[in-house]
file target-v9.tsv (TSV, C-alpha atoms)
chain	number	residue	atom	x	y	z
A	1	MET	CA	-22.67	-6.97	23.94
A	2	LYS	CA	-22.92	-3.37	22.77
A	3	ALA	CA	-23.01	0.03	24.44
A	4	THR	CA	-22.39	3.66	23.57
A	5	ILE	CA	-18.92	4.28	24.98
A	6	ASN	CA	-16.60	7.21	24.34
A	7	GLY	CA	-19.18	8.69	21.96
A	8	ARG	CA	-19.74	5.66	19.73
A	9	GLU	CA	-21.19	2.18	19.85
A	10	LEU	CA	-18.60	-0.40	20.82
A	11	ALA	CA	-19.10	-4.16	20.72
A	12	TRP	CA	-17.44	-6.81	22.84
A	13	GLU	CA	-17.94	-10.24	24.31
A	14	GLU	CA	-16.81	-11.62	27.61
A	15	THR	CA	-16.55	-14.79	29.60
A	16	GLY	CA	-15.80	-15.73	33.19
A	17	SER	CA	-15.48	-13.51	36.24
A	18	GLY	CA	-12.72	-12.13	38.41
A	19	ARG	CA	-9.63	-10.26	37.29
A	20	THR	CA	-9.80	-9.03	33.70
A	21	ILE	CA	-7.77	-9.73	30.59
A	22	LEU	CA	-8.66	-7.50	27.63
A	23	PHE	CA	-7.99	-8.82	24.12
A	24	LEU	CA	-7.18	-6.37	21.30
A	25	HIS	CA	-7.30	-7.74	17.76
A	26	GLY	CA	-4.96	-7.00	14.89
A	27	PHE	CA	-5.52	-5.52	11.44
A	28	PRO	CA	-7.91	-6.02	9.68
A	29	PHE	CA	-9.61	-8.46	12.02
A	30	ASN	CA	-12.26	-8.30	14.74
A	31	ARG	CA	-12.86	-9.81	18.16
A	32	GLN	CA	-13.50	-13.25	16.63
A	33	LEU	CA	-9.71	-13.51	16.39
A	34	TRP	CA	-9.73	-14.41	20.09
A	35	TYR	CA	-12.39	-17.13	20.24
A	36	ASN	CA	-9.85	-19.80	21.27
A	37	GLN	CA	-8.42	-17.60	24.01
A	38	LEU	CA	-11.79	-16.61	25.46
A	39	GLN	CA	-12.56	-20.30	25.94
A	40	ALA	CA	-9.19	-20.84	27.63
A	41	VAL	CA	-9.31	-18.02	30.21
A	42	PRO	CA	-8.64	-19.74	33.55
A	43	PRO	CA	-10.97	-19.73	36.55
A	44	GLY	CA	-10.83	-16.49	38.49
A	45	TRP	CA	-10.36	-14.46	35.32
A	46	ARG	CA	-12.76	-12.52	33.12
A	47	GLY	CA	-11.93	-12.43	29.42
A	48	VAL	CA	-13.10	-9.43	27.38
A	49	ALA	CA	-12.58	-9.24	23.61
A	50	MET	CA	-13.58	-5.97	21.95
A	51	ASP	CA	-14.05	-4.81	18.38
A	52	LEU	CA	-11.92	-1.73	17.78
A	53	ARG	CA	-13.73	1.22	16.21
A	54	GLY	CA	-14.76	0.55	12.63
A	55	PHE	CA	-14.11	-3.19	12.95
A	56	GLY	CA	-16.53	-6.02	13.59
A	57	GLU	CA	-19.68	-4.65	15.19
A	58	SER	CA	-18.13	-1.46	16.60
A	59	ALA	CA	-19.26	1.70	14.85
A	60	PRO	CA	-16.88	3.73	12.69
A	61	SER	CA	-16.15	7.38	13.34
A	62	ASP	CA	-15.71	10.34	11.01
A	63	ASP	CA	-12.05	10.78	11.91
A	64	PRO	CA	-9.75	10.79	8.86
A	65	GLN	CA	-7.57	8.15	10.52
A	66	TYR	CA	-7.95	5.74	13.41
A	67	THR	CA	-4.90	6.39	15.55
A	68	MET	CA	-3.57	3.98	18.14
A	69	ASP	CA	-4.34	6.61	20.79
A	70	MET	CA	-8.00	6.67	19.70
A	71	HIS	CA	-8.23	2.90	20.02
A	72	ALA	CA	-6.52	3.11	23.42
A	73	ASP	CA	-9.03	5.72	24.57
A	74	ASP	CA	-11.88	3.47	23.45
A	75	ALA	CA	-10.39	0.46	25.24
A	76	ALA	CA	-9.86	2.43	28.46
A	77	ALA	CA	-13.41	3.76	28.25
A	78	LEU	CA	-14.72	0.21	27.82
A	79	LEU	CA	-12.84	-0.95	30.90
A	80	THR	CA	-14.27	1.99	32.85
A	81	HIS	CA	-17.75	1.08	31.58
A	82	LEU	CA	-17.18	-2.46	32.84
A	83	ARG	CA	-15.95	-1.07	36.19
A	84	VAL	CA	-12.50	-2.51	35.66
A	85	ARG	CA	-9.72	-0.44	37.18
A	86	ARG	CA	-6.79	-2.59	36.07
A	87	ALA	CA	-6.44	-5.34	33.47
A	88	VAL	CA	-3.95	-7.48	31.63
A	89	ILE	CA	-3.86	-6.23	28.04
A	90	CYS	CA	-3.31	-8.83	25.31
A	91	GLY	CA	-2.72	-7.35	21.86
A	92	LEU	CA	-1.75	-9.01	18.59
A	93	SER	CA	-0.04	-6.98	15.86
A	94	MET	CA	-2.01	-3.70	15.64
A	95	GLY	CA	-3.55	-4.67	18.97
A	96	GLY	CA	-0.03	-4.59	20.38
A	97	TYR	CA	0.39	-1.04	19.11
A	98	VAL	CA	-2.81	-0.17	20.96
A	99	ALA	CA	-1.49	-1.90	24.09
A	100	PHE	CA	1.61	0.31	23.97
A	101	ALA	CA	-0.64	3.37	23.63
A	102	MET	CA	-2.67	2.22	26.64
A	103	HIS	CA	0.47	1.78	28.72
A	104	ARG	CA	1.59	5.26	27.71
A	105	ARG	CA	-1.76	6.99	28.28
A	106	TYR	CA	-3.34	4.90	31.05
A	107	PRO	CA	-0.48	3.24	32.95
A	108	SER	CA	-2.53	2.68	36.08
A	109	MET	CA	-5.03	0.57	34.09
A	110	VAL	CA	-2.40	-1.79	32.68
A	111	GLY	CA	-1.60	-4.55	35.14
A	112	GLY	CA	0.15	-6.85	32.68
A	113	LEU	CA	0.88	-7.26	28.98
A	114	ILE	CA	0.82	-10.00	26.38
A	115	LEU	CA	2.46	-8.66	23.23
A	116	ALA	CA	1.80	-11.10	20.41
A	117	ASP	CA	3.35	-10.91	16.95
A	118	THR	CA	3.88	-7.18	17.29
A	119	ARG	CA	6.71	-4.66	17.50
A	120	ALA	CA	7.49	-1.49	19.38
A	121	THR	CA	9.21	0.44	16.60
A	122	ALA	CA	7.41	2.94	14.38
A	123	ASP	CA	7.16	2.44	10.63
A	124	THR	CA	10.19	3.29	8.55
A	125	GLU	CA	9.67	5.88	5.83
A	126	GLN	CA	9.41	3.08	3.27
A	127	GLU	CA	6.84	1.24	5.37
A	128	LYS	CA	4.81	4.43	5.70
A	129	GLN	CA	4.87	4.91	1.94
A	130	ASN	CA	3.79	1.31	1.43
A	131	ARG	CA	0.82	1.84	3.73
A	132	LEU	CA	-0.17	5.08	1.98
A	133	GLN	CA	-0.04	3.34	-1.39
A	134	LEU	CA	-2.21	0.56	-0.02
A	135	VAL	CA	-4.72	3.14	1.26
A	136	GLN	CA	-5.03	4.53	-2.26
A	137	ARG	CA	-5.55	1.07	-3.70
A	138	VAL	CA	-8.14	0.10	-1.07
A	139	ARG	CA	-10.15	3.23	-1.78
A	140	ALA	CA	-9.94	2.67	-5.52
A	141	GLU	CA	-10.31	-1.11	-5.73
A	142	GLY	CA	-11.90	-2.27	-2.47
A	143	GLY	CA	-10.92	-4.35	0.53
A	144	SER	CA	-9.97	-7.43	-1.47
A	145	VAL	CA	-6.64	-5.71	-2.18
A	146	VAL	CA	-5.76	-5.95	1.52
A	147	VAL	CA	-7.22	-9.42	1.95
A	148	ASP	CA	-5.29	-10.91	-0.97
A	149	SER	CA	-2.07	-9.22	0.12
A	150	MET	CA	-2.39	-10.31	3.74
A	151	MET	CA	-3.25	-13.92	2.87
A	152	GLN	CA	0.16	-14.26	1.24
A	153	LYS	CA	2.11	-13.41	4.39
A	154	LEU	CA	-0.08	-13.99	7.46
A	155	PHE	CA	0.62	-17.66	8.02
A	156	ALA	CA	3.47	-20.09	8.37
A	157	PRO	CA	3.96	-21.61	4.90
A	158	ALA	CA	2.34	-24.91	5.89
A	159	THR	CA	-0.73	-23.49	7.64
A	160	PRO	CA	-3.02	-23.03	4.59
A	161	TYR	CA	-2.46	-26.72	3.80
A	162	THR	CA	-2.42	-28.25	7.27
A	163	LYS	CA	-5.12	-25.98	8.73
A	164	PRO	CA	-7.24	-24.80	5.79
A	165	LYS	CA	-10.18	-23.98	8.06
A	166	VAL	CA	-8.01	-21.47	9.95
A	167	ALA	CA	-6.95	-19.82	6.69
A	168	GLU	CA	-10.52	-19.57	5.45
A	169	PHE	CA	-11.72	-18.25	8.81
A	170	VAL	CA	-9.13	-15.48	8.66
A	171	ARG	CA	-10.03	-14.66	5.06
A	172	GLY	CA	-13.69	-14.35	6.02
A	173	MET	CA	-12.90	-12.17	9.02
A	174	MET	CA	-10.85	-9.79	6.89
A	175	SER	CA	-13.39	-9.74	4.06
A	176	ALA	CA	-16.07	-8.58	6.51
A	177	THR	CA	-14.13	-5.39	7.30
A	178	HIS	CA	-15.28	-2.21	5.56
A	179	PRO	CA	-12.66	-0.87	3.12
A	180	GLU	CA	-12.76	2.63	4.61
A	181	SER	CA	-12.05	1.25	8.08
A	182	MET	CA	-9.06	-0.53	6.57
A	183	ALA	CA	-7.86	2.73	5.02
A	184	ARG	CA	-8.25	4.76	8.21
A	185	ALA	CA	-6.51	2.11	10.30
A	186	LEU	CA	-3.62	1.95	7.82
A	187	LEU	CA	-3.21	5.71	8.13
A	188	GLY	CA	-3.29	5.44	11.91
A	189	MET	CA	-0.63	2.73	11.96
A	190	ALA	CA	1.59	4.74	9.63
A	191	ALA	CA	1.36	7.70	12.04
A	192	ARG	CA	2.00	5.76	15.24
A	193	PRO	CA	4.94	6.85	17.42
A	194	ASP	CA	7.99	4.80	18.29
A	195	SER	CA	7.25	2.89	21.50
A	196	GLU	CA	10.75	1.44	21.82
A	197	PRO	CA	12.12	4.12	24.19
A	198	GLY	CA	9.34	3.33	26.67
A	199	LEU	CA	9.99	-0.41	26.85
A	200	ARG	CA	12.40	-0.05	29.77
A	201	ASN	CA	9.63	1.68	31.73
A	202	ILE	CA	7.26	-1.30	31.53
A	203	ASN	CA	7.20	-2.66	35.07
A	204	VAL	CA	4.29	-5.11	34.90
A	205	PRO	CA	4.38	-8.86	34.14
A	206	THR	CA	4.85	-9.15	30.38
A	207	LEU	CA	4.86	-12.01	27.88
A	208	VAL	CA	6.26	-11.42	24.40
A	209	ILE	CA	5.10	-14.19	22.08
A	210	VAL	CA	5.77	-14.67	18.38
A	211	GLY	CA	5.32	-17.26	15.68
A	212	ALA	CA	8.62	-18.80	14.60
A	213	GLU	CA	7.66	-18.19	10.97
A	214	ASP	CA	6.08	-14.74	11.35
A	215	GLN	CA	6.89	-12.87	8.13
A	216	ILE	CA	5.39	-9.55	9.27
A	217	THR	CA	7.02	-9.14	12.69
A	218	PRO	CA	10.00	-11.52	12.67
A	219	ARG	CA	11.07	-13.31	15.84
A	220	GLY	CA	14.32	-11.32	15.97
A	221	GLN	CA	12.40	-8.08	16.44
A	222	ALA	CA	10.23	-9.69	19.12
A	223	GLN	CA	13.29	-10.99	20.95
A	224	LEU	CA	14.93	-7.56	21.00
A	225	MET	CA	11.68	-6.12	22.35
A	226	ALA	CA	11.53	-8.74	25.08
A	227	ARG	CA	15.13	-8.06	26.10
A	228	ALA	CA	14.30	-4.37	26.51
A	229	ILE	CA	11.34	-5.02	28.85
A	230	PRO	CA	12.60	-5.74	32.39
A	231	GLY	CA	11.70	-9.24	33.58
A	232	SER	CA	9.60	-10.13	30.55
A	233	GLN	CA	8.97	-13.68	29.34
A	234	PHE	CA	9.70	-14.57	25.72
A	235	GLU	CA	8.16	-17.45	23.80
A	236	VAL	CA	8.51	-18.58	20.20
A	237	ILE	CA	5.71	-20.75	18.82
A	238	PRO	CA	6.97	-23.35	16.32
A	239	GLU	CA	5.26	-23.72	12.94
A	240	ALA	CA	3.21	-20.54	13.42
A	241	GLY	CA	3.16	-17.25	11.57
A	242	HIS	CA	1.63	-13.85	12.30
A	243	VAL	CA	-1.62	-15.18	13.78
A	244	SER	CA	0.06	-17.54	16.21
A	245	ASN	CA	-2.97	-17.59	18.50
A	246	LEU	CA	-5.01	-19.24	15.73
A	247	GLU	CA	-2.28	-21.36	14.18
A	248	ALA	CA	-1.17	-22.90	17.50
A	249	PRO	CA	-3.85	-22.03	20.08
A	250	GLU	CA	-2.81	-24.67	22.60
A	251	ILE	CA	0.74	-23.33	22.91
A	252	PHE	CA	-0.46	-19.71	22.89
A	253	ASN	CA	-3.01	-20.45	25.60
A	254	GLU	CA	-0.40	-22.19	27.76
A	255	GLY	CA	1.70	-19.03	27.65
A	256	MET	CA	-1.32	-16.87	28.45
A	257	ARG	CA	-2.32	-19.03	31.42
A	258	ARG	CA	1.26	-19.09	32.70
A	259	LEU	CA	1.38	-15.29	32.74
A	260	LEU	CA	-2.02	-15.01	34.41
A	261	ALA	CA	-0.95	-17.52	37.07
A	262	SER	CA	1.79	-15.09	38.14
A	263	PHE	CA	-0.81	-12.67	39.54

call {"tool": "encode", "arguments": {"input": "target-v9.tsv", "output": "structure tokens"}}
result
Amino acid sequence: MKATINGRELAWEETGSGRTILFLHGFPFNRQLWYNQLQAVPPGWRGVAMDLRGFGESAPSDDPQYTMDMHADDAAALLTHLRVRRAVICGLSMGGYVAFAMHRRYPSMVGGLILADTRATADTEQEKQNRLQLVQRVRAEGGSVVVDSMMQKLFAPATPYTKPKVAEFVRGMMSATHPESMARALLGMAARPDSEPGLRNINVPTLVIVGAEDQITPRGQAQLMARAIPGSQFEVIPEAGHVSNLEAPEIFNEGMRRLLASF
């Protein structure tokens, strides 16, 4: 589905009816990241997976960077368009950063959180510099720079061999992303604020989930984040890396359904 929302065309797909769970993809993916989860949304729930601006079928904007606040504004506007007042927000990696921005900017719209393979802390100065260097390379050499780099660290070491179709699916999803959207999202992530101080203020049902072999957001960081969120659930998925929802969809979906059953 597509509609002009918040001044630009946004694309999404949905399934089911009832209470809403909104899925926010990571970098540099699109809503296809969530195809397993959309199929697993339990009865009484409506699953909505959106393409963030500049990704998938959602239109880019002329902004020099795509900040997490911009993505949060788009997501909130989509929920308003769909006449949803309150939703569970499920974000993976960059999608988690957007979920934090939504909780900060639109707290009344956030009824629950699933924070997957993500972290609350801002980039260190070195991480910011690494992103800025990658922006320069993407603009000079193309998106394959990001794709090749990400393929080396996205998965648990065994995944490309035991689940080659998953690895190729992810490669294709990343390769379809426009290089300039990659660059602007990298700049937005580098500029994101530290969400750690606000963790203690999260007072909605929350699941923190992470792949045991996530090289990008290690389980230790996820565990510290979970400890800081009052009453949160914490789950580690064995033999999964940074895209745990694709590497071990059955376990991920069990956690998702368990959280949704608490409503």

call {"tool": "closest_residue", "arguments": {"input": "target-v9.tsv", "among": "A:Ala191, A:Leu52, A:Ala183, A:Ala3", "to": "Phe23 in chain A", "atoms": "all atoms listed in the file"}}
result
A:Leu52

call {"tool": "axis_aligned_box", "arguments": {"input": "target-v9.tsv", "around": "range 226-236 of chain A", "padding_each_side": "5 Å", "output": "lines of an AutoDock Vina configuration file"}}
result
center_x = 11.6
center_y = -11.5
center_z = 26.9
size_x = 17.0
size_y = 24.2
size_z = 23.4

call {"tool": "residues_around", "arguments": {"input": "target-v9.tsv", "residues": "range 80-91 of chain A", "least_positions_apart": "3", "cutoff": "8 Å", "atoms": "only C-alpha atoms", "output": "VMD selection string"}}
result
chain A and resid 5 19 to 26 76 to 77 94 to 99 108 to 116

call {"tool": "closest_residue", "arguments": {"input": "target-v9.tsv", "among": "A:Pro107, A:Gln126, A:Gly142, A:Gly16", "to": "Gln39 in chain A", "atoms": "all atoms listed in the file"}}
result
A:Gly16

call {"tool": "closest_residue", "arguments": {"input": "target-v9.tsv", "among": "A:Gly231, A:Arg119, A:Gly241, A:Leu132", "to": "Ala158 in chain A", "atoms": "only C-alpha atoms"}}
result
A:Gly241

call {"tool": "atom_distance", "arguments": {"input": "target-v9.tsv", "atom1": "CA of Gln223 in chain A", "atom2": "CA of Asn30 in chain A"}}
result
26.4 Å

call {"tool": "closest_residue", "arguments": {"input": "target-v9.tsv", "among": "A:Glu254, A:Ala190, A:Asn36, A:Ser93", "to": "Ala222 in chain A", "atoms": "only C-alpha atoms"}}
result
A:Ser93

call {"tool": "closest_residue", "arguments": {"input": "target-v9.tsv", "among": "A:Ile229, A:Leu154, A:Val236, A:Ala40", "to": "Gly198 in chain A", "atoms": "only C-alpha atoms"}}
result
A:Ile229

call {"tool": "residues_around", "arguments": {"input": "target-v9.tsv", "residues": "Gln129 in chain A", "least_positions_apart": "4", "cutoff": "12 Å", "atoms": "all atoms listed in the file", "output": "PyMOL selection string"}}
result
chain A and resi 123-125+133-136+186-187+189-191

call {"tool": "residues_around", "arguments": {"input": "target-v9.tsv", "residues": "range 199-213 of chain A", "least_positions_apart": "2", "cutoff": "9 Å", "atoms": "only C-alpha atoms", "output": "PyMOL selection string"}}
result
chain A and resi 88+100+103+110-118+120+155-157+195-197+215+217-219+222-223+225-226+228-245+247-248+252+255-256+259-260+262-263

call {"tool": "closest_residue", "arguments": {"input": "target-v9.tsv", "among": "A:Ala122, A:Leu33, A:Met173, A:Val145", "to": "Pro193 in chain A", "atoms": "only C-alpha atoms"}}
result
A:Ala122

call {"tool": "atom_distance", "arguments": {"input": "target-v9.tsv", "atom1": "CA of Pro60 in chain A", "atom2": "CA of Ser181 in chain A"}}
result
7.1 Å

call {"tool": "atom_distance", "arguments": {"input": "target-v9.tsv", "atom1": "CA of Met150 in chain A", "atom2": "CA of Arg137 in chain A"}}
result
14.0 Å

call {"tool": "residues_around", "arguments": {"input": "target-v9.tsv", "residues": "Pro28 in chain A", "least_positions_apart": "3", "cutoff": "7 Å", "atoms": "only C-alpha atoms", "output": "PyMOL selection string"}}
result
chain A and resi 174+177+182

call {"tool": "residues_around", "arguments": {"input": "target-v9.tsv", "residues": "range 61-66 of chain A", "least_positions_apart": "2", "cutoff": "6 Å", "atoms": "only C-alpha atoms", "output": "PyMOL selection string"}}
result
chain A and resi 184-185+187-188

call {"tool": "decode", "arguments": {"input": "target-v9.tsv", "residues": "range 170-210 of chain A", "atoms": "N, CA and C atoms", "output": "mmCIF file, in the first residue's frame"}}
result
data_model
loop_
_atom_site.group_PDB
_atom_site.id
_atom_site.type_symbol
_atom_site.label_atom_id
_atom_site.label_comp_id
_atom_site.auth_asym_id
_atom_site.auth_seq_id
_atom_site.Cartn_x
_atom_site.Cartn_y
_atom_site.Cartn_z
ATOM 1 N N VAL A 170 19.103 -11.199 2.116
ATOM 2 C CA VAL A 170 19.556 -9.963 2.756
ATOM 3 C C VAL A 170 20.442 -9.170 1.810
ATOM 4 N N ARG A 171 21.323 -9.857 1.089
ATOM 5 C CA ARG A 171 22.169 -9.158 0.113
ATOM 6 C C ARG A 171 21.311 -8.451 -0.932
ATOM 7 N N GLY A 172 20.303 -9.135 -1.434
ATOM 8 C CA GLY A 172 19.434 -8.530 -2.439
ATOM 9 C C GLY A 172 18.668 -7.336 -1.907
ATOM 10 N N MET A 173 18.200 -7.447 -0.665
ATOM 11 C CA MET A 173 17.459 -6.349 -0.045
ATOM 12 C C MET A 173 18.342 -5.113 0.091
ATOM 13 N N MET A 174 19.579 -5.317 0.529
ATOM 14 C CA MET A 174 20.499 -4.190 0.681
ATOM 15 C C MET A 174 20.880 -3.605 -0.673
ATOM 16 N N SER A 175 21.103 -4.466 -1.646
ATOM 17 C CA SER A 175 21.538 -4.004 -2.970
ATOM 18 C C SER A 175 20.480 -3.160 -3.655
ATOM 19 N N ALA A 176 19.214 -3.338 -3.259
ATOM 20 C CA ALA A 176 18.123 -2.574 -3.864
ATOM 21 C C ALA A 176 18.015 -1.158 -3.301
ATOM 22 N N THR A 177 18.773 -0.853 -2.255
ATOM 23 C CA THR A 177 18.691 0.465 -1.620
ATOM 24 C C THR A 177 19.559 1.471 -2.357
ATOM 25 N N HIS A 178 19.010 2.659 -2.614
ATOM 26 C CA HIS A 178 19.753 3.691 -3.344
ATOM 27 C C HIS A 178 20.937 4.166 -2.506
ATOM 28 N N PRO A 179 22.105 4.324 -3.122
ATOM 29 C CA PRO A 179 23.290 4.752 -2.364
ATOM 30 C C PRO A 179 23.098 6.056 -1.593
ATOM 31 N N GLU A 180 22.378 7.012 -2.162
ATOM 32 C CA GLU A 180 22.208 8.284 -1.456
ATOM 33 C C GLU A 180 21.328 8.119 -0.217
ATOM 34 N N SER A 181 20.357 7.215 -0.282
ATOM 35 C CA SER A 181 19.567 6.933 0.917
ATOM 36 C C SER A 181 20.445 6.306 1.994
ATOM 37 N N MET A 182 21.359 5.438 1.573
ATOM 38 C CA MET A 182 22.318 4.878 2.532
ATOM 39 C C MET A 182 23.117 5.995 3.194
ATOM 40 N N ALA A 183 23.628 6.910 2.378
ATOM 41 C CA ALA A 183 24.472 7.992 2.899
ATOM 42 C C ALA A 183 23.701 8.863 3.883
ATOM 43 N N ARG A 184 22.482 9.235 3.521
ATOM 44 C CA ARG A 184 21.708 10.126 4.390
ATOM 45 C C ARG A 184 21.290 9.434 5.685
ATOM 46 N N ALA A 185 21.026 8.131 5.609
ATOM 47 C CA ALA A 185 20.694 7.392 6.827
ATOM 48 C C ALA A 185 21.915 7.243 7.729
ATOM 49 N N LEU A 186 23.077 7.013 7.137
ATOM 50 C CA LEU A 186 24.309 6.936 7.926
ATOM 51 C C LEU A 186 24.558 8.240 8.676
ATOM 52 N N LEU A 187 24.341 9.354 7.998
ATOM 53 C CA LEU A 187 24.507 10.656 8.651
ATOM 54 C C LEU A 187 23.501 10.834 9.786
ATOM 55 N N GLY A 188 22.278 10.380 9.550
ATOM 56 C CA GLY A 188 21.255 10.483 10.589
ATOM 57 C C GLY A 188 21.572 9.631 11.804
ATOM 58 N N MET A 189 22.094 8.428 11.571
ATOM 59 C CA MET A 189 22.456 7.569 12.701
ATOM 60 C C MET A 189 23.624 8.152 13.482
ATOM 61 N N ALA A 190 24.584 8.730 12.765
ATOM 62 C CA ALA A 190 25.734 9.338 13.443
ATOM 63 C C ALA A 190 25.306 10.499 14.340
ATOM 64 N N ALA A 191 24.231 11.175 13.957
ATOM 65 C CA ALA A 191 23.772 12.358 14.703
ATOM 66 C C ALA A 191 22.748 12.031 15.782
ATOM 67 N N ARG A 192 22.371 10.778 15.915
ATOM 68 C CA ARG A 192 21.283 10.450 16.850
ATOM 69 C C ARG A 192 21.711 10.707 18.294
ATOM 70 N N PRO A 193 20.755 11.074 19.145
ATOM 71 C CA PRO A 193 21.077 11.348 20.554
ATOM 72 C C PRO A 193 21.214 10.060 21.353
ATOM 73 N N ASP A 194 21.726 10.197 22.542
ATOM 74 C CA ASP A 194 21.832 9.079 23.475
ATOM 75 C C ASP A 194 20.460 8.833 24.106
ATOM 76 N N SER A 195 19.917 7.646 23.894
ATOM 77 C CA SER A 195 18.606 7.321 24.463
ATOM 78 C C SER A 195 18.708 6.623 25.812
ATOM 79 N N GLU A 196 19.923 6.359 26.262
ATOM 80 C CA GLU A 196 20.103 5.596 27.503
ATOM 81 C C GLU A 196 19.470 6.267 28.720
ATOM 82 N N PRO A 197 19.598 7.597 28.885
ATOM 83 C CA PRO A 197 18.995 8.214 30.075
ATOM 84 C C PRO A 197 17.481 8.045 30.158
ATOM 85 N N GLY A 198 16.824 7.847 29.013
ATOM 86 C CA GLY A 198 15.374 7.713 29.013
ATOM 87 C C GLY A 198 14.868 6.302 29.228
ATOM 88 N N LEU A 199 15.768 5.324 29.314
ATOM 89 C CA LEU A 199 15.331 3.936 29.450
ATOM 90 C C LEU A 199 14.505 3.719 30.711
ATOM 91 N N ARG A 200 14.894 4.357 31.798
ATOM 92 C CA ARG A 200 14.173 4.167 33.064
ATOM 93 C C ARG A 200 12.759 4.741 33.013
ATOM 94 N N ASN A 201 12.485 5.571 32.004
ATOM 95 C CA ASN A 201 11.155 6.170 31.871
ATOM 96 C C ASN A 201 10.224 5.345 30.989
ATOM 97 N N ILE A 202 10.723 4.251 30.432
ATOM 98 C CA ILE A 202 9.873 3.387 29.607
ATOM 99 C C ILE A 202 8.986 2.568 30.541
ATOM 100 N N ASN A 203 7.695 2.777 30.442
ATOM 101 C CA ASN A 203 6.762 2.126 31.368
ATOM 102 C C ASN A 203 5.708 1.315 30.626
ATOM 103 N N VAL A 204 6.093 0.772 29.465
ATOM 104 C CA VAL A 204 5.198 -0.085 28.693
ATOM 105 C C VAL A 204 5.853 -1.460 28.567
ATOM 106 N N PRO A 205 5.058 -2.517 28.312
ATOM 107 C CA PRO A 205 5.647 -3.848 28.145
ATOM 108 C C PRO A 205 6.735 -3.831 27.068
ATOM 109 N N THR A 206 7.899 -4.356 27.412
ATOM 110 C CA THR A 206 9.051 -4.268 26.518
ATOM 111 C C THR A 206 9.790 -5.594 26.469
ATOM 112 N N LEU A 207 10.135 -6.006 25.256
ATOM 113 C CA LEU A 207 10.989 -7.172 25.032
ATOM 114 C C LEU A 207 12.269 -6.704 24.368
ATOM 115 N N VAL A 208 13.396 -7.018 24.988
ATOM 116 C CA VAL A 208 14.704 -6.789 24.377
ATOM 117 C C VAL A 208 15.196 -8.141 23.888
ATOM 118 N N ILE A 209 15.493 -8.228 22.603
ATOM 119 C CA ILE A 209 15.865 -9.507 22.003
ATOM 120 C C ILE A 209 17.128 -9.321 21.172
ATOM 121 N N VAL A 210 18.036 -10.280 21.244
ATOM 122 C CA VAL A 210 19.324 -10.129 20.565
ATOM 123 C C VAL A 210 19.857 -11.494 20.159
#
